[in-house]
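In what follows, a structure is listed as C-alpha cells, so that the remarks can point back to it.
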Amino acid sequence: MTPPDLWRLSLENLWRTKLRSVLTTLGVVIGIGALVSMVSFGIGMQENVTSEFRENDLFTSMQVLPAKIDVGEVMAGGFEPPETVTALNDSAVEAIRALPAVELAFPEIRFPVTVRMMGKEARTSLQAVPAAMGRYKPFSEIPYGSFYESDADSVVVLTGRLLNELGFRLAEEPVDARAGESGDTELVPISVDSLIGRRIEVISSTVDLRSAARSFMRSFTPPSKLPLKEDVARLRVVGVRGRLSGFGAARFRGGIIVPIETGAAMPRLGFSDVWDLLDSSEQAQGYGSVYVRTRGMDDITPVREAVEEMGFGVLAVVDELEEIRQSFLIMDALLGAVGTIALIVAALGIINTMVTSILERTREIGVMKAIGGSETDIRWIFFSEAATIGFTGGVFGLALGWAVTRIANAVANHYLRPQGVPEVDLFYMPIWLIAGAMAFSVCVSLLAGLYPASRAARVDPVQALRHD
Amino acid sequence: MTPFVLTRDLCKTYQKGTVAIPVLQGVSLEVGKGEFVSVVGRSGSGKSTLLNLLGGLDTATSGRIVVGDSDVTSMSRQDLAVHRRSTVGMIFQSFNLIPSRTALENITLALAFGNHPRSDRRRRAAEILSSVGLEGRLSHTPGELSGGEAQRVAIARALANDPDVLLADEPTGNLDSGTAAEIVGLLEALNRERKLTVVMVSHDEEAAREVSHRILRLLDGRVIDELSGRAGA
C-alpha cells in the first residue's frame with residue numbers, strides 16, 4: 001500500500017466516526033493550544049526584555065575601570081579600594097582598542113560646565129564622545145539636526161532638558177508632550193533652524209593655584225573663594241537630542257555632548273570622579289573609566305577576559321543577564337510543562353479512541369488481512385490515523401494558541417494603556433515554536449498510536465473473521 | 001496431472017488452556033491446476049480450518065502445504081500476506097465485506113493491497129463487478145445489497161488480484177437455494193472459462209457434486225473418502 005493510499009484510508013476511517021474523531025482531535029487542539037500560548041508568553045517576556053537590552057547596546061558594551069571591583073561587595077558596603085591601581089591611560093586604551101573583537105574604546109570624559117546661550121546660563125555636565133558613536137543608539141536617533149562626524153570639530157549636541165534649563169523650548173515640539181515638566185509656559189520658544197548652527201559658550205573651570213598662591217603671599221590670608229579659572233570655548237550647535245529612555249540612557253546622560261578630542265582638550269578640574277582621586281597617588285594621567293564596545297554579543301566574554309587579564313575591572317550588564325536568562329528558562333520550562341501535561345492527557349485520549357476503534361474494527365482488520373493486507377499495512381493504517389489526529393490537532397491547536405495570545409494581548413494592553421505603559425506584545429511565536437509544536441503534536445500522537453497500531457497488526461485473522 | 005495445491009500429513013491442533021484440540025489430523029490431498037474440488041463434511045470436521053491453512057490465514061501445527069511452487073508452511077508472515085493477496089482469493093459464508101465501503105470500494109481496497117496502479121483501480125474494479133453481473137450496483141454498500149449480490153461482490157474481490165486458486169468457504173451457507181445455485185454456477189463458470197483452480201468447502205454434498213470434479217469427505221480432521229463429481233465424470 002502506498003503512502004497516499006494509507007493517508008486516504010486513514011481519513012476515510014476517521015470520517016466514518018466523525019464525532020469521536022473530532023472529540024479526540026479536540027483534546028490535541030487544546031493541548032497544543034495551551035502549550036503554544038504558554039511557551040509564546042515565556043518567549044515574549046524574554047524577547048521584550050532582551051530586545052530592550054539589545055536596542056540599547058547593553059549586550060555589546062562594557063565599562064572598564066582601573067581596578068577589579070565586586071559590585072555585590074560595593075552594594076554591601078564592604079568594598080575597600082585596592083592597594084595598587086593599574087593606570088587606565090591612553091596606552092591602556094590603545095591596548096584595549098587593539099583587541100580583535102573590540103570595535104570602539106574611548107575614555108569616558110565627563111565634567112561639569114556652564115553653558116551660556118543668548119545671554120542665559122545653566123550648569124550642566126559635558127560628555128566627550130567620539131563621532132563613531134553616531135552609528136549607535138542613542139546618538140543614531142538625533143531628532144533635530146545631526147550628530148557630528150569628526151572627533152576634533154568645535155561642535156556640540158544639546159539636550160532638550162538643557163534648553164529648558166536655559167529658559168527655552170523647541171518651537172517644533174508640542175507643549176503637551178512635555179506636560180508635567182518644569183513650568184513650560186514661561187519658556188521662550190526657539191525654532192530648530194535658528195538653533196542649529198548657533199554658537200554657544202561652554203565654560204569649564206580649572207584650579208588656578210598660581211594666582212591663589214600669589215594672593216596668599218600678598219595678604220597672608222586664605223582666599224575667600226575657590227581660586228578657579230574659567231576657560232570659555234565657543235561651540236557650534238549641530239543637533240538636539242530627544243528625551244532619553246531605556247536601560248542604556250544613563251551612560252550618556254550628559255547635558256551636552258562634544259567630540260572626544262574637543263572635550264579632551266578642554267581645560268577642566270583634575271578629577272571628575274572618585275577614581276581620579278584614587279589614581280592621583282599612583283598615576284595622575286589615568287582615566288576614570290573607559291567605554292568599550294565589541295563587534296558582537298558573543299565577543300563580550302573574550303574581550304572581558306582579555307581586559308581583566310590586563311589588570312582592569314569590567315562592568316557589563318550582560319553579567320546580570322545570565323541570571324535573568326536562567327530565570328526565563330525556568331519560567332519557560334514551567335509554562336511548557338503545563339502545556340505538555342495537557343498534551344499527555346490528549347495522548348491518552350488518542351490511545352483510548354484507537355483501542356476502542358480496534359475492538360470495533362476487529363472483523364474489518366481480519367478482512368483486510370484475508371484480502372492481502374500485511375501486518376505492516378495494518379500497522380501503518382492505524383499509525384496514519386494517529387498522525388492525522390496529531391497533524392489536524394496541531395494545525396487547529398496552533399490556530400487556537402494564536403487566537404488566545406491575540407485576545408490575551410489585547411486585554412492586557414487595554415488595561416496597561418491607561419497606566420501609561422506603551423503598547424507591548426506580550427507573546428512571541430517564532431517559527432521554531434510553530435514547527436516544534438507541530439512536530440511535537442504529530443510525535444506525541446504517533447507515540448500514542450504505537451501500542452494500538454501494533455495491537456491491530458497482531459490481530460489473528462481467523463479469530464477476527466469470527467468476531468461480531 | 002501435476003498437483004497445483006498439495007498437502008502432506010497436515011495437522012492443526014488448537015490449544016484451549018491445557019487442552020489440545022486436534023482439528024486436522026494428517027490431511028494429504030492434491031488438487032490439479034484448473035480442477036474444481038469440493039471438501040464436504042459435518043460441522044467441526046475441519047473443513048474451514050483446512051481452507052484457512054491453504055489460504056495462509058492460519059499456520060499448520062505440522063505437515064506441509066505447497067501451492068504452485070511455494071511451500072506455504074515455511075512462509076514468513078509477510079510472505080503469507082503476499083500469498084493471500086496474489087496467489088489465492090478467498091470467499092466466505094458471511095461475505096466479509098467492509099460494511100462502510102461501497103461495492104466498488106471493497107474491490108479497490110483489495111487492489112490497493114495488491115499494489116495495483118492507483119489510477120486504474122476504479123476501472124478495474126468496475127470491470128470485475130460487471131463480469132459478475134453487478135454493473136448497476138457499484139456504489140451500493142453491502143447493507144444495500146441482497147445476499148446473492150453481496151456474495152458476488154465478495155467473489156469479485158477475490159478475483160481482483162488475478163489469483164491462481166479460489167478458496168470458497170461455504171459460499172452458499174447464507175443464501176436461499178435459488179441464489180445458492182446461482183453462486184455455485186458462477187464459481188463453476190469461473191473454473192470452466194478461466195481455468196481457475198477452485199477449492200470449495202460445502203455442507204451440501206449434492207450441490208457440490210453438480211459442479212465439482214472431485215469431492216473429498218472429511219471427518220474428524222481426516223479425509224475419509226474421495227468421490228468423483230459430475231463435472232469430472
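For the C-alpha cells, the naming scheme is as follows: chains receive sequential letters (A, B, ...) according to their order of presentation, residues are indexed from 1 within each chain, and ligands are indexed from 1 in presentation order.
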Show me which bits of chain A are within 10 Å of chain B, counting only C-alpha atoms, as a ChimeraX atom specification. /A:1-2,4-6,9,12-13,16,361,363-377,460-463,465-466
Include N, CA and C atoms and write out the residues we just selected as a compact mmCIF listing (two decimals), in the first residue's frame.
```txt
# COMPACT_ATOMS: atom_id res chain seq x y z
N MET A 1 0.84 -1.20 0.00
CA MET A 1 0.00 0.00 0.00
C MET A 1 0.88 1.25 0.00
N THR A 2 0.54 2.21 -0.84
CA THR A 2 1.38 3.40 -0.94
C THR A 2 0.98 4.43 0.14
N PRO A 4 0.03 7.56 -0.08
CA PRO A 4 -1.26 8.25 -0.33
C PRO A 4 -2.47 7.37 -0.03
N ASP A 5 -2.32 6.04 -0.32
CA ASP A 5 -3.41 5.11 0.00
C ASP A 5 -3.67 5.09 1.50
N LEU A 6 -2.57 5.02 2.26
CA LEU A 6 -2.69 4.96 3.71
C LEU A 6 -3.36 6.22 4.24
N LEU A 9 -7.00 6.26 3.33
CA LEU A 9 -7.73 5.27 4.12
C LEU A 9 -7.94 5.75 5.55
N GLU A 12 -10.58 8.36 5.61
CA GLU A 12 -11.91 7.74 5.46
C GLU A 12 -12.36 7.10 6.77
N ASN A 13 -11.42 6.41 7.43
CA ASN A 13 -11.76 5.75 8.68
C ASN A 13 -12.14 6.76 9.76
N ARG A 16 -15.53 8.23 9.19
CA ARG A 16 -16.61 7.31 9.49
C ARG A 16 -17.11 7.48 10.93
N ARG A 361 -13.33 -2.55 15.07
CA ARG A 361 -12.95 -2.88 13.69
C ARG A 361 -12.18 -4.19 13.58
N ARG A 363 -13.13 -7.21 13.05
CA ARG A 363 -13.52 -8.01 11.89
C ARG A 363 -12.96 -7.39 10.60
N GLU A 364 -13.02 -6.06 10.55
CA GLU A 364 -12.51 -5.36 9.37
C GLU A 364 -11.00 -5.62 9.19
N ILE A 365 -10.29 -5.65 10.34
CA ILE A 365 -8.84 -5.93 10.27
C ILE A 365 -8.64 -7.34 9.71
N GLY A 366 -9.50 -8.28 10.20
CA GLY A 366 -9.43 -9.65 9.69
C GLY A 366 -9.66 -9.71 8.20
N VAL A 367 -10.67 -8.94 7.73
CA VAL A 367 -10.98 -8.92 6.29
C VAL A 367 -9.78 -8.37 5.52
N MET A 368 -9.22 -7.29 6.04
CA MET A 368 -8.08 -6.68 5.33
C MET A 368 -6.92 -7.67 5.24
N LYS A 369 -6.71 -8.43 6.32
CA LYS A 369 -5.64 -9.44 6.26
C LYS A 369 -6.00 -10.54 5.26
N ALA A 370 -7.28 -10.94 5.24
CA ALA A 370 -7.70 -12.01 4.35
C ALA A 370 -7.54 -11.63 2.88
N ILE A 371 -7.68 -10.35 2.57
CA ILE A 371 -7.56 -9.96 1.16
C ILE A 371 -6.14 -9.47 0.83
N GLY A 372 -5.20 -9.72 1.76
CA GLY A 372 -3.79 -9.47 1.42
C GLY A 372 -3.10 -8.39 2.21
N GLY A 373 -3.78 -7.81 3.18
CA GLY A 373 -3.12 -6.78 4.00
C GLY A 373 -2.08 -7.42 4.90
N SER A 374 -0.87 -6.88 4.89
CA SER A 374 0.17 -7.43 5.76
C SER A 374 0.11 -6.73 7.12
N GLU A 375 0.87 -7.25 8.06
CA GLU A 375 0.92 -6.63 9.38
C GLU A 375 1.43 -5.19 9.27
N THR A 376 2.39 -5.01 8.38
CA THR A 376 2.94 -3.66 8.19
C THR A 376 1.86 -2.72 7.68
N ASP A 377 1.07 -3.20 6.70
CA ASP A 377 -0.02 -2.37 6.16
C ASP A 377 -0.98 -1.94 7.28
N ASP A 460 -5.29 -11.80 15.07
CA ASP A 460 -5.31 -13.08 14.36
C ASP A 460 -6.48 -13.05 13.36
N PRO A 461 -6.21 -13.17 12.06
CA PRO A 461 -7.28 -13.01 11.08
C PRO A 461 -8.41 -14.02 11.24
N VAL A 462 -8.07 -15.26 11.61
CA VAL A 462 -9.11 -16.28 11.74
C VAL A 462 -10.07 -15.91 12.86
N GLN A 463 -9.49 -15.50 14.01
CA GLN A 463 -10.32 -15.06 15.14
C GLN A 463 -11.12 -13.82 14.75
N LEU A 465 -12.16 -12.78 11.87
CA LEU A 465 -13.26 -13.02 10.93
C LEU A 465 -14.46 -13.65 11.61
N ARG A 466 -14.23 -14.25 12.79
CA ARG A 466 -15.35 -14.83 13.55
C ARG A 466 -15.96 -13.79 14.48
```
Can you pull out the residues contacting B:Val165? Cut-off 10 Å, using only C-alpha atoms, and skip same-chain residues under 3 positions away; I want them as a PyMOL selection string. chain B and resi 4-5+33-36+54-55+67-68+86-90+158-159+162+168+191+195-199
For the residues in the current selection, export N, CA and C atoms as a short mmCIF file (atom, residue, chain, number, x, y, z; two decimals), in the first residue's frame.
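selection02.cif, written as the output of this step:
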```cif
data_model
loop_
_atom_site.label_atom_id
_atom_site.label_comp_id
_atom_site.auth_asym_id
_atom_site.auth_seq_id
_atom_site.Cartn_x
_atom_site.Cartn_y
_atom_site.Cartn_z
N PHE B 4 -1.43 -28.76 -8.26
CA PHE B 4 -1.12 -27.34 -8.07
C PHE B 4 -1.19 -26.97 -6.59
N VAL B 5 -2.17 -27.65 -5.91
CA VAL B 5 -2.28 -27.50 -4.46
C VAL B 5 -2.04 -28.87 -3.87
N LYS B 33 -4.14 -28.21 -11.37
CA LYS B 33 -4.40 -26.87 -11.89
C LYS B 33 -5.69 -26.89 -12.72
N GLY B 34 -6.59 -25.97 -12.44
CA GLY B 34 -7.84 -25.88 -13.17
C GLY B 34 -8.91 -26.85 -12.66
N GLU B 35 -8.60 -27.54 -11.59
CA GLU B 35 -9.55 -28.51 -11.05
C GLU B 35 -10.52 -27.81 -10.09
N PHE B 36 -11.73 -28.33 -9.96
CA PHE B 36 -12.73 -27.85 -9.01
C PHE B 36 -12.93 -28.96 -8.01
N LEU B 54 -4.80 -23.44 3.71
CA LEU B 54 -4.44 -23.31 2.28
C LEU B 54 -4.33 -21.83 1.90
N GLY B 55 -5.21 -21.03 2.52
CA GLY B 55 -5.22 -19.60 2.18
C GLY B 55 -4.18 -18.78 2.93
N VAL B 67 1.54 -24.62 -2.68
CA VAL B 67 0.63 -24.05 -3.68
C VAL B 67 1.49 -23.50 -4.80
N GLY B 68 1.26 -24.05 -5.99
CA GLY B 68 2.13 -23.68 -7.11
C GLY B 68 3.54 -24.17 -6.79
N SER B 86 -1.99 -12.44 -3.69
CA SER B 86 -1.74 -12.66 -5.12
C SER B 86 -1.94 -14.09 -5.59
N THR B 87 -1.81 -15.08 -4.70
CA THR B 87 -1.93 -16.47 -5.17
C THR B 87 -3.33 -17.01 -4.97
N VAL B 88 -3.93 -16.64 -3.84
CA VAL B 88 -5.28 -17.16 -3.57
C VAL B 88 -6.29 -16.02 -3.45
N GLY B 89 -7.55 -16.38 -3.68
CA GLY B 89 -8.64 -15.44 -3.43
C GLY B 89 -9.64 -16.17 -2.57
N MET B 90 -10.08 -15.52 -1.48
CA MET B 90 -10.95 -16.24 -0.54
C MET B 90 -12.37 -15.68 -0.53
N ALA B 158 -12.36 -11.38 -4.56
CA ALA B 158 -11.39 -12.49 -4.56
C ALA B 158 -10.67 -12.57 -5.90
N LEU B 159 -11.35 -12.11 -6.96
CA LEU B 159 -10.74 -12.18 -8.31
C LEU B 159 -9.86 -10.96 -8.63
N ASP B 162 -6.16 -11.27 -9.64
CA ASP B 162 -5.87 -12.41 -10.52
C ASP B 162 -5.24 -13.59 -9.80
N ALA B 168 -13.24 -21.15 -1.48
CA ALA B 168 -14.57 -20.72 -1.09
C ALA B 168 -15.04 -21.51 0.12
N ASN B 191 -14.37 -21.49 -13.10
CA ASN B 191 -13.48 -22.65 -13.21
C ASN B 191 -13.39 -23.12 -14.65
N LYS B 195 -10.31 -21.39 -16.32
CA LYS B 195 -9.42 -22.48 -15.86
C LYS B 195 -8.86 -22.19 -14.48
N LEU B 196 -9.69 -21.54 -13.64
CA LEU B 196 -9.29 -21.17 -12.29
C LEU B 196 -9.42 -22.38 -11.37
N THR B 197 -8.41 -22.68 -10.59
CA THR B 197 -8.48 -23.78 -9.64
C THR B 197 -9.40 -23.35 -8.49
N VAL B 198 -10.36 -24.21 -8.17
CA VAL B 198 -11.30 -23.86 -7.10
C VAL B 198 -11.32 -24.96 -6.05
N VAL B 199 -11.19 -24.54 -4.78
CA VAL B 199 -11.41 -25.48 -3.68
C VAL B 199 -12.56 -24.92 -2.88
#
```
Two-atom distance - atom CA of A:Ile344, atom CA of A:Leu447 (Å):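 We find that atom CA of A:Ile344 and atom CA of A:Leu447 lie 10.5 Å from each other.
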Non-local contacts of A:Gly31 (10 Å; only C-alpha atoms; under 5 positions in same chain excluded) as a VMD selection string: chain A and resid 25 to 26 36 338 to 347 393 to 394 397 to 398 400 to 401 441
Dump C-alpha atoms for the selected residues as a CSV table (one decimal), in the first residue's frame?
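Saved the output as out.csv:
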```csv
chain,number,residue,atom,x,y,z
A,25,THR,CA,-8.7,15.8,18.0
A,26,LEU,CA,-10.1,18.5,20.2
A,36,VAL,CA,1.9,27.2,22.3
A,338,VAL,CA,1.6,22.8,31.8
A,339,GLY,CA,1.1,22.6,28.1
A,340,THR,CA,2.8,19.2,27.9
A,341,ILE,CA,0.6,17.8,30.6
A,342,ALA,CA,-2.4,18.9,28.6
A,343,LEU,CA,-0.9,17.2,25.6
A,344,ILE,CA,-0.2,14.0,27.5
A,345,VAL,CA,-3.9,13.9,28.6
A,346,ALA,CA,-4.7,14.3,24.9
A,347,ALA,CA,-2.4,11.4,24.0
A,393,GLY,CA,-4.9,18.7,16.2
A,394,GLY,CA,-1.6,20.5,15.7
A,397,GLY,CA,-4.1,23.9,18.2
A,398,LEU,CA,-1.7,26.5,16.7
A,400,LEU,CA,-6.2,28.3,19.0
A,401,GLY,CA,-2.9,29.2,20.6
A,441,SER,CA,1.8,17.1,18.2
```
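Residues in contact with A:Ala171 at up to 7 Å, not including ones fewer than 3 positions away on its chain and judged by only C-alpha atoms, are Pro189, Ile190 and Ser191 of chain A.
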Tell me which protein, DNA and RNA residues are within 7 Å of A:Leu158, counting only C-alpha atoms, leaving out same-chain ones fewer than 5 positions away, and put them as a list in words.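 Contacts, with the query itself left out: Gly239, Val240, Arg241, Gly255, Ile256 and Ile257 of chain A.
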Could you dump the residues just selected with N, CA and C atoms as a compact mmCIF listing (two decimals), in the first residue's frame?
```txt
# COMPACT_ATOMS: atom_id res chain seq x y z
N GLY A 239 23.09 69.57 16.76
CA GLY A 239 21.90 68.74 16.95
C GLY A 239 21.32 68.88 18.34
N VAL A 240 20.06 68.46 18.45
CA VAL A 240 19.41 68.45 19.77
C VAL A 240 18.85 67.04 19.99
N ARG A 241 19.22 66.47 21.13
CA ARG A 241 18.75 65.11 21.42
C ARG A 241 17.36 65.13 22.02
N GLY A 255 24.56 66.66 29.67
CA GLY A 255 23.71 67.74 29.17
C GLY A 255 24.14 68.19 27.79
N ILE A 256 25.46 68.19 27.55
CA ILE A 256 25.95 68.47 26.20
C ILE A 256 26.96 67.40 25.81
N ILE A 257 26.94 67.06 24.54
CA ILE A 257 27.85 66.04 24.01
C ILE A 257 28.78 66.75 23.02
```
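The coordinates place atom CA of A:Gly336 at 15.6 Å from atom CA of A:Trp402.
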So how many Å separate atom CA of B:Arg42 and atom CA of B:Ala181, to one decimal?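 Between atom CA of B:Arg42 and atom CA of B:Ala181 the gap works out to 20.5 Å.
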Apply DSSP to the structure's backbone, then extract all residues of stretch 30-189 of chain B labelled strand (DSSP E) and return them as number ranges by chain. B: 30-32, 36-41, 62-67, 70-71, 88-91, 165-169
With N, CA and C atoms retained, export the selected residues as a PDB file, in the first residue's frame.
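The new file part_26.pdb reads:
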```
ATOM      1  N   GLU B  30      -4.348 -33.563  -3.031  1.00  0.00           N
ATOM      2  CA  GLU B  30      -3.741 -32.952  -4.217  1.00  0.00           C
ATOM      3  C   GLU B  30      -4.850 -32.359  -5.069  1.00  0.00           C
ATOM      4  N   VAL B  31      -4.648 -31.160  -5.544  1.00  0.00           N
ATOM      5  CA  VAL B  31      -5.615 -30.528  -6.447  1.00  0.00           C
ATOM      6  C   VAL B  31      -4.851 -30.081  -7.686  1.00  0.00           C
ATOM      7  N   GLY B  32      -5.304 -30.532  -8.822  1.00  0.00           N
ATOM      8  CA  GLY B  32      -4.614 -30.175 -10.067  1.00  0.00           C
ATOM      9  C   GLY B  32      -4.973 -28.776 -10.528  1.00  0.00           C
ATOM     10  N   PHE B  36     -11.732 -28.333  -9.960  1.00  0.00           N
ATOM     11  CA  PHE B  36     -12.728 -27.847  -9.011  1.00  0.00           C
ATOM     12  C   PHE B  36     -12.934 -28.965  -8.007  1.00  0.00           C
ATOM     13  N   VAL B  37     -12.431 -28.751  -6.785  1.00  0.00           N
ATOM     14  CA  VAL B  37     -12.533 -29.790  -5.760  1.00  0.00           C
ATOM     15  C   VAL B  37     -13.379 -29.259  -4.601  1.00  0.00           C
ATOM     16  N   SER B  38     -14.327 -30.069  -4.175  1.00  0.00           N
ATOM     17  CA  SER B  38     -15.133 -29.684  -3.016  1.00  0.00           C
ATOM     18  C   SER B  38     -14.753 -30.525  -1.817  1.00  0.00           C
ATOM     19  N   VAL B  39     -14.768 -29.895  -0.667  1.00  0.00           N
ATOM     20  CA  VAL B  39     -14.498 -30.599   0.585  1.00  0.00           C
ATOM     21  C   VAL B  39     -15.793 -30.573   1.371  1.00  0.00           C
ATOM     22  N   VAL B  40     -16.321 -31.730   1.679  1.00  0.00           N
ATOM     23  CA  VAL B  40     -17.585 -31.778   2.401  1.00  0.00           C
ATOM     24  C   VAL B  40     -17.381 -32.512   3.722  1.00  0.00           C
ATOM     25  N   GLY B  41     -18.297 -32.267   4.608  1.00  0.00           N
ATOM     26  CA  GLY B  41     -18.216 -32.928   5.909  1.00  0.00           C
ATOM     27  C   GLY B  41     -19.103 -32.213   6.900  1.00  0.00           C
ATOM     28  N   SER B  62       1.727 -29.090  11.997  1.00  0.00           N
ATOM     29  CA  SER B  62       2.757 -29.885  11.316  1.00  0.00           C
ATOM     30  C   SER B  62       2.251 -30.249   9.921  1.00  0.00           C
ATOM     31  N   GLY B  63       3.115 -30.864   9.131  1.00  0.00           N
ATOM     32  CA  GLY B  63       2.741 -31.213   7.764  1.00  0.00           C
ATOM     33  C   GLY B  63       3.178 -30.134   6.787  1.00  0.00           C
ATOM     34  N   ARG B  64       2.773 -30.283   5.566  1.00  0.00           N
ATOM     35  CA  ARG B  64       3.290 -29.425   4.515  1.00  0.00           C
ATOM     36  C   ARG B  64       2.182 -29.007   3.561  1.00  0.00           C
ATOM     37  N   ILE B  65       2.244 -27.756   3.114  1.00  0.00           N
ATOM     38  CA  ILE B  65       1.307 -27.265   2.094  1.00  0.00           C
ATOM     39  C   ILE B  65       2.140 -26.655   0.977  1.00  0.00           C
ATOM     40  N   VAL B  66       1.846 -27.043  -0.237  1.00  0.00           N
ATOM     41  CA  VAL B  66       2.515 -26.412  -1.377  1.00  0.00           C
ATOM     42  C   VAL B  66       1.435 -25.888  -2.317  1.00  0.00           C
ATOM     43  N   VAL B  67       1.544 -24.624  -2.683  1.00  0.00           N
ATOM     44  CA  VAL B  67       0.630 -24.045  -3.678  1.00  0.00           C
ATOM     45  C   VAL B  67       1.491 -23.501  -4.801  1.00  0.00           C
ATOM     46  N   SER B  70       5.316 -22.746  -4.307  1.00  0.00           N
ATOM     47  CA  SER B  70       5.694 -22.220  -2.995  1.00  0.00           C
ATOM     48  C   SER B  70       5.249 -23.114  -1.858  1.00  0.00           C
ATOM     49  N   ASP B  71       6.164 -23.273  -0.889  1.00  0.00           N
ATOM     50  CA  ASP B  71       5.859 -24.024   0.315  1.00  0.00           C
ATOM     51  C   ASP B  71       5.231 -23.053   1.317  1.00  0.00           C
ATOM     52  N   VAL B  88      -3.935 -16.642  -3.843  1.00  0.00           N
ATOM     53  CA  VAL B  88      -5.279 -17.159  -3.568  1.00  0.00           C
ATOM     54  C   VAL B  88      -6.290 -16.022  -3.452  1.00  0.00           C
ATOM     55  N   GLY B  89      -7.551 -16.376  -3.684  1.00  0.00           N
ATOM     56  CA  GLY B  89      -8.639 -15.438  -3.434  1.00  0.00           C
ATOM     57  C   GLY B  89      -9.644 -16.173  -2.572  1.00  0.00           C
ATOM     58  N   MET B  90     -10.075 -15.522  -1.484  1.00  0.00           N
ATOM     59  CA  MET B  90     -10.947 -16.236  -0.543  1.00  0.00           C
ATOM     60  C   MET B  90     -12.367 -15.678  -0.531  1.00  0.00           C
ATOM     61  N   ILE B  91     -13.324 -16.616  -0.408  1.00  0.00           N
ATOM     62  CA  ILE B  91     -14.742 -16.247  -0.345  1.00  0.00           C
ATOM     63  C   ILE B  91     -15.308 -16.914   0.911  1.00  0.00           C
ATOM     64  N   VAL B 165      -5.763 -19.606  -7.365  1.00  0.00           N
ATOM     65  CA  VAL B 165      -6.702 -20.522  -6.703  1.00  0.00           C
ATOM     66  C   VAL B 165      -7.796 -19.722  -6.021  1.00  0.00           C
ATOM     67  N   LEU B 166      -9.032 -20.206  -6.162  1.00  0.00           N
ATOM     68  CA  LEU B 166     -10.156 -19.594  -5.462  1.00  0.00           C
ATOM     69  C   LEU B 166     -10.541 -20.534  -4.323  1.00  0.00           C
ATOM     70  N   LEU B 167     -10.529 -20.007  -3.081  1.00  0.00           N
ATOM     71  CA  LEU B 167     -10.889 -20.825  -1.926  1.00  0.00           C
ATOM     72  C   LEU B 167     -12.223 -20.327  -1.400  1.00  0.00           C
ATOM     73  N   ALA B 168     -13.239 -21.150  -1.484  1.00  0.00           N
ATOM     74  CA  ALA B 168     -14.574 -20.717  -1.095  1.00  0.00           C
ATOM     75  C   ALA B 168     -15.041 -21.510   0.123  1.00  0.00           C
ATOM     76  N   ASP B 169     -15.274 -20.787   1.212  1.00  0.00           N
ATOM     77  CA  ASP B 169     -15.671 -21.432   2.466  1.00  0.00           C
ATOM     78  C   ASP B 169     -17.184 -21.313   2.645  1.00  0.00           C
TER      79      ASP B 169
END
```
Fewer than 5 positions away in the same chain doesn't count, so skip those; otherwise give me all residues within 12 Å of A:Gly296, counting only C-alpha atoms, as number ranges by chain. A: 54, 57-61, 100-104, 301-303
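Of the residues listed (B:Glu182, B:Glu144, B:Arg194, B:Ala20), B:Arg194 shows the shortest atom-to-atom separation from B:Asp164; distances use only C-alpha atoms.
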Please provide as a VMD selection string all residues within 7 Å of B:Gly26, with the sequence filter that same-chain residues fewer than 4 positions apart are discarded (counting only C-alpha atoms). chain B and resid 9 to 11 222
Using the selection just defined, write its residues with C-alpha atoms as a short mmCIF file (atom, residue, chain, number, x, y, z; two decimals), in the first residue's frame.
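File part-v5.cif, as written:
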```cif
data_model
loop_
_atom_site.label_atom_id
_atom_site.label_comp_id
_atom_site.auth_asym_id
_atom_site.auth_seq_id
_atom_site.Cartn_x
_atom_site.Cartn_y
_atom_site.Cartn_z
CA ASP B 9 0.18 -35.05 6.65
CA LEU B 10 -1.31 -31.70 7.51
CA CYS B 11 -2.12 -31.33 11.19
CA ARG B 222 -9.17 -36.78 8.30
#
```
Write out as a VMD selection string all residues of stretch 21-144 of chain B that DSSP puts in alpha helix (DSSP H) for this structure's backbone. chain B and resid 47 to 54 77 to 82 103 to 113 121 to 131
